[in-house]
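K.L.:
What follows is a single structure, and I will ask about it in a moment.
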Amino acid sequence: MNVTVTQLTNQLLASYARAGGINHLDGKNLPSKTAVCGITVELLRLLFPGFFHDTVLHSSELRVETAALMDSVLGKLEDEIYKSLEYHPLEGMAKKDLRPAAQKATEEFLSGLPQIREMLQTDAEAAFRGDPAALSKEEVIVAYPFVEAVAVHRLAHELYKKNIPLIPRIMAEWAHSRTGMDIHPGATIGSHFFVDHGTGTVIGETCEIGNHVKMYQGVGLVARSLSGGQRLRGQKRHPTIQDRVTIYAGATIIGGDTVVGEGSTVGANVFLSHSVPPGSLVLPEEVKVKVVSKTDRARAAAWPGPNI
Amino acid sequence: MNVTVTQLTNQLLASYARAGGINHLDGKNLPSKTAVCGITVELLRLLFPGFFHDTVLHSSELRVETAALMDSVLGKLEDEIYKSLEYHPLEGMAKKDLRPAAQKATEEFLSGLPQIREMLQTDAEAAFRGDPAALSKEEVIVAYPFVEAVAVHRLAHELYKKNIPLIPRIMAEWAHSRTGMDIHPGATIGSHFFVDHGTGTVIGETCEIGNHVKMYQGVGLVARSLSGGQRLRGQKRHPTIQDRVTIYAGATIIGGDTVVGEGSTVGANVFLSHSVPPGSLVLPEEVKVKVVSKTDRARAAAWPGPNI
Amino acid sequence: MNVTVTQLTNQLLASYARAGGINHLDGKNLPSKTAVCGITVELLRLLFPGFFHDTVLHSSELRVETAALMDSVLGKLEDEIYKSLEYHPLEGMAKKDLRPAAQKATEEFLSGLPQIREMLQTDAEAAFRGDPAALSKEEVIVAYPFVEAVAVHRLAHELYKKNIPLIPRIMAEWAHSRTGMDIHPGATIGSHFFVDHGTGTVIGETCEIGNHVKMYQGVGLVARSLSGGQRLRGQKRHPTIQDRVTIYAGATIIGGDTVVGEGSTVGANVFLSHSVPPGSLVLPEEVKVKVVSKTDRARAAAWPGPNI
């Protein structure tokens with residue numbers, strides 16, 4: 001090591017000693033992001049058999065293939081859940097309870113995969129029916145980022161309900177990074193859900209979403225920004241969306257007491273901070289269209305058009 | 001295998017037998033996502049020679065380098081197109097026609113690369129001219145996600161025009177995941193196109209976009225959400241944007257009969273669902289600014305500011 | 001090589017000869033994207049020690065671990081900075097000055113890591129305090145894309161201030177691709193900054209952002225689209241946001257002379273193109289809610305709801 005490296009290292013070590021909070025030293029093992037992402041990929045293969053193989057998966061191989069994947073997930077997930085519980089034990093849980101608790105949570109979670117598959121079938125159907133651009137259900141599963149986002153959400157939500165810390169959020173952020181959809185694992189989402197395009201869509205922790213809800217990119221179902229901060233934890237802070245609601249791109253709906261009544265349609269880029277009754281049509285004010293004068297038309301014909 | 005794995009596996013196998021639609025068993029080979037993404041990367045290297053190498057590419061090596069890449073793409077792409085056509089044969093195509101058809105489509109597609117390069121040159125020029133933050137054309141190609149998104153679109157659009165199923169959508173979703181821009185391979189886009197920032201921008205299947213169009217992040221050129229679903233396939237459902245139009249961030253323009261006339265400017269976050277004539281300036285209603293009273297000013301000085 | 005490959009290669013070589021601008025042949029070495037991304041990952045490990053390891057990092061190992069990382073970054077970063085300066089030398093810099101200049105810039109930059117850590121501590125604190133969904137500071141660092149985006153920005157901004165070309169932009173685009181947040185390395189950002197969710201947020205090159213500013217996904221702090229193009233380089237084109245401002249999702253604020261006064265709150269999806277005084281509450285026009293008639297209610301109860 002040359003003198004520069006030593007000097008730069010010393011400066012940084014002094015900073016580690018001085019400024020805590022963004023260090024993680026001598027602490028408990030956190031769940032590994034890499035491991036959690038690997039487990040999530042294997043879970044997706046279990047949910048959609050045959051879709052993520054490079055060759056055709058035959059029924060004859062299915063049992064062996066599935067058992068091998070299940071065996072792999074079971075061991076790895078239990079280890080990560082153990083680390084999560086060690087980092088943040090559930091109320092009244094002693095050190096000796098951690099391993100059995102991790103094992104139990106893992107097995108219960110994996111027992112729930114068939115129920116998750118049943119929900120995902122309704123989502124894939126809603127996507128196919130709702131989008132004339134979809135050529136086939138195969139295209140939906142292979143090429144729609146929504147399918148990955150909602151599948152990861154339905155997995156993460158089950159872990160969230162079991163109060164497993166960190167892992168559901170790591171799973172959700174993995175999907176967020178890949179699809180642009182930020183769905184908090186706490187959100188409750190009904191059947192036949194579809195988000196088209198999805199980039200920038202945000203669904204907050206305490207949202208409740210009914211059945212047959214269709215949304216587009218950039219829709220935010222979010223909280224008011226209040227001074228309460230951490231004191232608001234656990235309160236319902238995000239809206240309720242009832243059955244058969246359609247929300248166009250970029251609409252932002254805020255507040256825990258805001259309810260969008262069933263069968264309503266919310267227009268694009270609307271900012272809605274109060275409830276609306278069933279069957280509502282929510283629209284922004286009309287846009288103003290000003291055609292610039294003839295003289296200006298020459299200008300407009302040049303690029304760029306009329307200035308703002 | 002222990003008893004738990006066997007039991008969990010059996011539950012899941014029962015679910016596979018019960019709930020179809022999100023399985024892909026004993027079916028035809030689908031094109032491989034991994035292979036299609038690898039091919040796309042090689043195509044980008046062919047389109048922008050020298051930019052994606054870790055060392056300088058010299059003219060003297062260019063022929064050998066290009067021929068090797070071309071050879072690689074030719075074989076792999078033909079295989080994936082074959083699988084696509086086998087999965088969803090074009091009208092009147094028999095099994096024995098598939099291989100020759102895949103070969104022909106691949107060769108025609110690769111013959112078109114020089115024309116695609118000519119369009120991409122105009123796009124890179126528009127990006128450099130349109131953005132004062134760009135230091136050089138090299139920076140545009142190395143650091144603008146738009147360049148990757150538009151290059152992948154122009155490639156995918158050619159395959160779309162040849163009615164190759166799945167592959168163009170897989171290519172588009174690869175770019176969507178990396179850049180946040182969701183451009184359907186069906187969209188027709190003129191020369192000198194530029195999308196700045198681009199995250200959340202959506203361009204639908206039947207859009208027609210003229211020359212010298214400039215857009216920003218979050219712009220949606222999308223369809224009305226109607227009950228027609230799959231019956232609307234093939235109809236023009238997305239807007240037409242004429243030459244020299246500028247569309248600011250987050251504007252949503254919907255409907256297949258909506259035409260934004262040439263030289264128009266559309267303001268940010270506008271929701272436009274009807275046509276506007278050439279030279280239009282489209283703006284939302286003025287925002288309301290309320291300065292809170294003196295008493296409240298003390299509150300406002302604390303963070304967070306006035307509540308919504 | 002078969003005849004098809006040769007023919008396709010010849011066509012493409014002719015295009016390379018004919019159409020320049022998107023080729024990079026016989027030119028100078030550009031900084032390698034792969035190398036710059038690898039360096040950025042190592043810098044993040046230096047900034048947040050222990051968070052990106054798969055096992056617990058103990059204090060006893062910290063010196064050795066840090067020195068090894070520092071040594072690795074020092075060498076690699078100097079090489080990439082050298083290539084950047086060779087590609088675009090600073091004013092008055094001769095070829096023989098490049099290597100010493102690269103070395104000096106690298107060492108100065110790495111000396112600044114402790115100061116960057118101090119800012120990042122305030123950001124992590126703001127995120128934890130501002131979001132009731134955050135369970136712990138560990139969760140914030142492990143699972144909030146914002147942390148990665150702001151850390152990369154604070155690194156890139158230091159290189160930008162030293163006039164190192166290309167590398168800061170490559171770093172920023174790496175973070176943009178992973179987090180959906182597009183923060184130009186030129187932007188000046190105060191302490192206790194927090195962007196929740198973040199997808200689609202854009203912060204332009206000449207933005208000035210005060211302390212304790214909180215923003216959401218899809219916020220754009222951008223320039224007017226004017227005909228000036230490259231002639232506007234260096235001018236202040238993006239807004240100023242004073243201390244303790246909150247900006248809701250999707251708001252777009254444009255223009256270099258636009259100032260949002262301290263303690264203000266800007267509502268979702270607002271398009272703001274002029275200054276507002278301290279303590280302002282900026283809201284869009286009320287939305288129009290139309291409950292469709294009883295007859296239509298039956299229609300509305302069917303999905304989709306009222307048409308737009």
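Naming scheme: A, B, ... for chains in displayed order of the structure tokens; residues 1 onward per chain; ligands 1 onward as shown.
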Counting only C-alpha atoms, collect the residues of chain C whose closest atom lies at most 6 Å from chain B, and write them out as a PyMOL selection string.
P.N.:
chain C and resi 5+9+12+15+22-26+29+32+170+177+200+229-230+232-233+244+263-265+271+279-284+304
K.L.:
Can you pull out the residues contacting Arg237 of chain B? Cut-off 7 Å, using only C-alpha atoms, and skip same-chain residues under 3 positions away; I want them as a JSON list (two decimals) with all heavy atoms, in the first residue's frame.
P.N.:
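What ended up in out_34.json:
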```
[["chain", "number", "residue", "atom", "x", "y", "z"],
["B", 206, "THR", "N", -50.46, 2.18, -32.00],
["B", 206, "THR", "CA", -50.90, 2.75, -33.27],
["B", 206, "THR", "C", -50.63, 4.26, -33.37],
["B", 206, "THR", "O", -51.24, 4.96, -34.18],
["B", 206, "THR", "CB", -52.41, 2.47, -33.49],
["B", 206, "THR", "OG1", -53.15, 3.11, -32.43],
["B", 206, "THR", "CG2", -52.71, 0.98, -33.45],
["B", 223, "ALA", "N", -54.23, 4.99, -25.32],
["B", 223, "ALA", "CA", -55.58, 4.70, -25.78],
["B", 223, "ALA", "C", -56.59, 5.05, -24.70],
["B", 223, "ALA", "O", -56.27, 5.11, -23.52],
["B", 223, "ALA", "CB", -55.69, 3.22, -26.13],
["B", 255, "GLY", "N", -56.48, 8.75, -27.40],
["B", 255, "GLY", "CA", -57.48, 8.54, -28.43],
["B", 255, "GLY", "C", -56.93, 8.46, -29.84],
["B", 255, "GLY", "O", -56.06, 9.24, -30.24],
["B", 256, "GLY", "N", -57.44, 7.54, -30.61],
["B", 256, "GLY", "CA", -56.96, 7.28, -31.95],
["B", 256, "GLY", "C", -57.31, 8.37, -32.94],
["B", 256, "GLY", "O", -56.68, 8.49, -33.99]]
```
K.L.:
List every residue of segment 41-228 of chain A that DSSP, applied to the backbone, labels as strand (DSSP E), and write the result as a list in words.
P.N.:
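Of segment 41-228 of chain A, the ones in strand (DSSP E) are Asp182, Ile183, Thr188, Ile189, Phe194, Val195, Val202, Ile203, Glu208, Ile209, Lys214, Met215, Gly220, Leu221 and Val222 of chain A.
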K.L.:
Take the residues that were just selected and, keeping N, CA and C atoms, output them as a PDB file, in the first residue's frame.
P.N.:
```pdb
ATOM      1  N   ASP A 182     -43.720   0.739  -7.901  1.00  0.00           N
ATOM      2  CA  ASP A 182     -43.337   0.708  -6.492  1.00  0.00           C
ATOM      3  C   ASP A 182     -44.575   0.358  -5.668  1.00  0.00           C
ATOM      4  N   ILE A 183     -44.745  -0.915  -5.422  1.00  0.00           N
ATOM      5  CA  ILE A 183     -45.919  -1.382  -4.671  1.00  0.00           C
ATOM      6  C   ILE A 183     -45.437  -1.812  -3.293  1.00  0.00           C
ATOM      7  N   THR A 188     -53.119  -4.005   0.126  1.00  0.00           N
ATOM      8  CA  THR A 188     -54.056  -5.109  -0.098  1.00  0.00           C
ATOM      9  C   THR A 188     -54.675  -4.932  -1.478  1.00  0.00           C
ATOM     10  N   ILE A 189     -54.542  -5.918  -2.338  1.00  0.00           N
ATOM     11  CA  ILE A 189     -54.993  -5.774  -3.727  1.00  0.00           C
ATOM     12  C   ILE A 189     -55.887  -6.948  -4.098  1.00  0.00           C
ATOM     13  N   PHE A 194     -54.890  -4.934 -12.899  1.00  0.00           N
ATOM     14  CA  PHE A 194     -54.016  -4.704 -14.063  1.00  0.00           C
ATOM     15  C   PHE A 194     -53.474  -3.280 -14.055  1.00  0.00           C
ATOM     16  N   VAL A 195     -52.171  -3.164 -14.170  1.00  0.00           N
ATOM     17  CA  VAL A 195     -51.529  -1.857 -14.356  1.00  0.00           C
ATOM     18  C   VAL A 195     -50.840  -1.891 -15.709  1.00  0.00           C
ATOM     19  N   VAL A 202     -47.141   4.149  -8.037  1.00  0.00           N
ATOM     20  CA  VAL A 202     -46.798   3.953  -6.626  1.00  0.00           C
ATOM     21  C   VAL A 202     -48.058   3.583  -5.855  1.00  0.00           C
ATOM     22  N   ILE A 203     -47.992   2.506  -5.094  1.00  0.00           N
ATOM     23  CA  ILE A 203     -49.124   2.072  -4.271  1.00  0.00           C
ATOM     24  C   ILE A 203     -48.625   1.954  -2.832  1.00  0.00           C
ATOM     25  N   GLU A 208     -56.039   0.048   0.096  1.00  0.00           N
ATOM     26  CA  GLU A 208     -56.920  -1.097  -0.089  1.00  0.00           C
ATOM     27  C   GLU A 208     -57.538  -0.987  -1.467  1.00  0.00           C
ATOM     28  N   ILE A 209     -57.290  -1.965  -2.298  1.00  0.00           N
ATOM     29  CA  ILE A 209     -57.726  -1.937  -3.691  1.00  0.00           C
ATOM     30  C   ILE A 209     -58.664  -3.115  -3.925  1.00  0.00           C
ATOM     31  N   LYS A 214     -58.252  -1.213 -12.758  1.00  0.00           N
ATOM     32  CA  LYS A 214     -57.287  -1.032 -13.847  1.00  0.00           C
ATOM     33  C   LYS A 214     -56.604   0.319 -13.700  1.00  0.00           C
ATOM     34  N   MET A 215     -55.310   0.325 -13.745  1.00  0.00           N
ATOM     35  CA  MET A 215     -54.578   1.580 -13.601  1.00  0.00           C
ATOM     36  C   MET A 215     -53.511   1.673 -14.696  1.00  0.00           C
ATOM     37  N   GLY A 220     -50.335   7.516  -8.615  1.00  0.00           N
ATOM     38  CA  GLY A 220     -49.829   7.482  -7.243  1.00  0.00           C
ATOM     39  C   GLY A 220     -50.979   7.361  -6.248  1.00  0.00           C
ATOM     40  N   LEU A 221     -50.964   6.322  -5.444  1.00  0.00           N
ATOM     41  CA  LEU A 221     -51.935   6.172  -4.353  1.00  0.00           C
ATOM     42  C   LEU A 221     -51.134   6.349  -3.082  1.00  0.00           C
ATOM     43  N   VAL A 222     -51.072   7.589  -2.595  1.00  0.00           N
ATOM     44  CA  VAL A 222     -50.045   7.944  -1.626  1.00  0.00           C
ATOM     45  C   VAL A 222     -50.592   8.655  -0.397  1.00  0.00           C
TER      46      VAL A 222
END
```
K.L.:
At a cut-off of 12 Å, using only C-alpha atoms, what residues contact Gln103 of chain A? Leave out same-chain residues fewer than 5 positions from it and give the result as a PyMOL selection string.
P.N.:
(chain A and resi 74-83+85+97-98+108-110) or (chain B and resi 4)
K.L.:
Atoms to include: N, CA, C and O atoms. Write the selected residues as a PDB file, in the first residue's frame.
P.N.:
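Writing done, so here's selection_24.pdb:
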```pdb
ATOM      1  N   LEU A  74     -36.766 -23.590  -0.179  1.00  0.00           N
ATOM      2  CA  LEU A  74     -37.081 -23.859   1.223  1.00  0.00           C
ATOM      3  C   LEU A  74     -35.882 -23.568   2.125  1.00  0.00           C
ATOM      4  O   LEU A  74     -35.990 -22.852   3.135  1.00  0.00           O
ATOM      5  N   GLY A  75     -34.730 -24.112   1.759  1.00  0.00           N
ATOM      6  CA  GLY A  75     -33.544 -23.922   2.594  1.00  0.00           C
ATOM      7  C   GLY A  75     -33.086 -22.477   2.621  1.00  0.00           C
ATOM      8  O   GLY A  75     -32.836 -21.887   3.685  1.00  0.00           O
ATOM      9  N   LYS A  76     -33.027 -21.857   1.436  1.00  0.00           N
ATOM     10  CA  LYS A  76     -32.483 -20.504   1.363  1.00  0.00           C
ATOM     11  C   LYS A  76     -33.392 -19.482   2.022  1.00  0.00           C
ATOM     12  O   LYS A  76     -32.940 -18.567   2.707  1.00  0.00           O
ATOM     13  N   LEU A  77     -34.693 -19.642   1.800  1.00  0.00           N
ATOM     14  CA  LEU A  77     -35.628 -18.674   2.367  1.00  0.00           C
ATOM     15  C   LEU A  77     -35.636 -18.766   3.896  1.00  0.00           C
ATOM     16  O   LEU A  77     -35.668 -17.746   4.592  1.00  0.00           O
ATOM     17  N   GLU A  78     -35.576 -19.973   4.414  1.00  0.00           N
ATOM     18  CA  GLU A  78     -35.551 -20.121   5.874  1.00  0.00           C
ATOM     19  C   GLU A  78     -34.335 -19.386   6.470  1.00  0.00           C
ATOM     20  O   GLU A  78     -34.458 -18.715   7.494  1.00  0.00           O
ATOM     21  N   ASP A  79     -33.194 -19.518   5.811  1.00  0.00           N
ATOM     22  CA  ASP A  79     -32.001 -18.817   6.310  1.00  0.00           C
ATOM     23  C   ASP A  79     -32.203 -17.301   6.334  1.00  0.00           C
ATOM     24  O   ASP A  79     -31.820 -16.627   7.294  1.00  0.00           O
ATOM     25  N   GLU A  80     -32.778 -16.755   5.276  1.00  0.00           N
ATOM     26  CA  GLU A  80     -32.943 -15.298   5.219  1.00  0.00           C
ATOM     27  C   GLU A  80     -34.005 -14.831   6.209  1.00  0.00           C
ATOM     28  O   GLU A  80     -33.871 -13.769   6.824  1.00  0.00           O
ATOM     29  N   ILE A  81     -35.055 -15.633   6.377  1.00  0.00           N
ATOM     30  CA  ILE A  81     -36.082 -15.269   7.364  1.00  0.00           C
ATOM     31  C   ILE A  81     -35.488 -15.325   8.772  1.00  0.00           C
ATOM     32  O   ILE A  81     -35.764 -14.464   9.615  1.00  0.00           O
ATOM     33  N   TYR A  82     -34.632 -16.309   9.010  1.00  0.00           N
ATOM     34  CA  TYR A  82     -33.954 -16.384  10.307  1.00  0.00           C
ATOM     35  C   TYR A  82     -33.177 -15.092  10.579  1.00  0.00           C
ATOM     36  O   TYR A  82     -33.281 -14.508  11.663  1.00  0.00           O
ATOM     37  N   LYS A  83     -32.412 -14.650   9.591  1.00  0.00           N
ATOM     38  CA  LYS A  83     -31.633 -13.405   9.781  1.00  0.00           C
ATOM     39  C   LYS A  83     -32.551 -12.210  10.045  1.00  0.00           C
ATOM     40  O   LYS A  83     -32.248 -11.333  10.860  1.00  0.00           O
ATOM     41  N   LEU A  85     -35.540 -12.220  11.417  1.00  0.00           N
ATOM     42  CA  LEU A  85     -36.121 -12.295  12.757  1.00  0.00           C
ATOM     43  C   LEU A  85     -35.063 -12.019  13.821  1.00  0.00           C
ATOM     44  O   LEU A  85     -35.363 -11.441  14.869  1.00  0.00           O
ATOM     45  N   ASP A  97     -36.242 -19.264  20.009  1.00  0.00           N
ATOM     46  CA  ASP A  97     -37.449 -19.431  19.199  1.00  0.00           C
ATOM     47  C   ASP A  97     -37.219 -19.103  17.725  1.00  0.00           C
ATOM     48  O   ASP A  97     -38.070 -19.402  16.879  1.00  0.00           O
ATOM     49  N   LEU A  98     -36.102 -18.450  17.440  1.00  0.00           N
ATOM     50  CA  LEU A  98     -35.947 -17.873  16.103  1.00  0.00           C
ATOM     51  C   LEU A  98     -35.939 -18.942  15.010  1.00  0.00           C
ATOM     52  O   LEU A  98     -36.629 -18.814  13.994  1.00  0.00           O
ATOM     53  N   GLU A 108     -45.226 -22.303   5.920  1.00  0.00           N
ATOM     54  CA  GLU A 108     -46.562 -21.738   5.719  1.00  0.00           C
ATOM     55  C   GLU A 108     -46.619 -20.889   4.456  1.00  0.00           C
ATOM     56  O   GLU A 108     -47.569 -20.949   3.682  1.00  0.00           O
ATOM     57  N   PHE A 109     -45.560 -20.091   4.283  1.00  0.00           N
ATOM     58  CA  PHE A 109     -45.502 -19.233   3.097  1.00  0.00           C
ATOM     59  C   PHE A 109     -45.530 -20.071   1.817  1.00  0.00           C
ATOM     60  O   PHE A 109     -46.296 -19.796   0.888  1.00  0.00           O
ATOM     61  N   LEU A 110     -44.736 -21.127   1.780  1.00  0.00           N
ATOM     62  CA  LEU A 110     -44.667 -21.942   0.558  1.00  0.00           C
ATOM     63  C   LEU A 110     -45.960 -22.743   0.340  1.00  0.00           C
ATOM     64  O   LEU A 110     -46.335 -23.021  -0.807  1.00  0.00           O
TER      65      LEU A 110
ATOM     66  N   THR B   4     -41.405 -32.530   3.892  1.00  0.00           N
ATOM     67  CA  THR B   4     -41.981 -31.202   3.648  1.00  0.00           C
ATOM     68  C   THR B   4     -41.888 -30.832   2.170  1.00  0.00           C
ATOM     69  O   THR B   4     -42.861 -30.347   1.577  1.00  0.00           O
TER      70      THR B   4
END
```
K.L.:
Which residues in segment 25-180 of chain C does DSSP call helix (DSSP H, G or I)? List them as a ChimeraX atom specification.
P.N.:
/C:33-47,59-87,95-111,113-130,137-143,145-161,167-179
K.L.:
Please measure the separation of atom CA of Gly27 of chain C and atom CA of Lys96 of chain C, giving the value in Å to one decimal.
P.N.:
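If I compute the distance from atom CA of Gly27 of chain C to atom CA of Lys96 of chain C, I get 18.7 Å.
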K.L.:
Using only C-alpha atoms, which residues sit within 9 Å of Arg154 of chain B once same-chain residues fewer than 4 positions away are excluded, as an NGL selection string?
P.N.:
:B and (116 or 119-120 or 149-150 or 158 or 185 or 189)
K.L.:
Just how far from atom CA of His88 of chain A is atom CA of Lys236 of chain A, in Å to one decimal?
P.N.:
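Going from atom CA of Lys236 of chain A over to atom CA of His88 of chain A, I get 22.9 Å.
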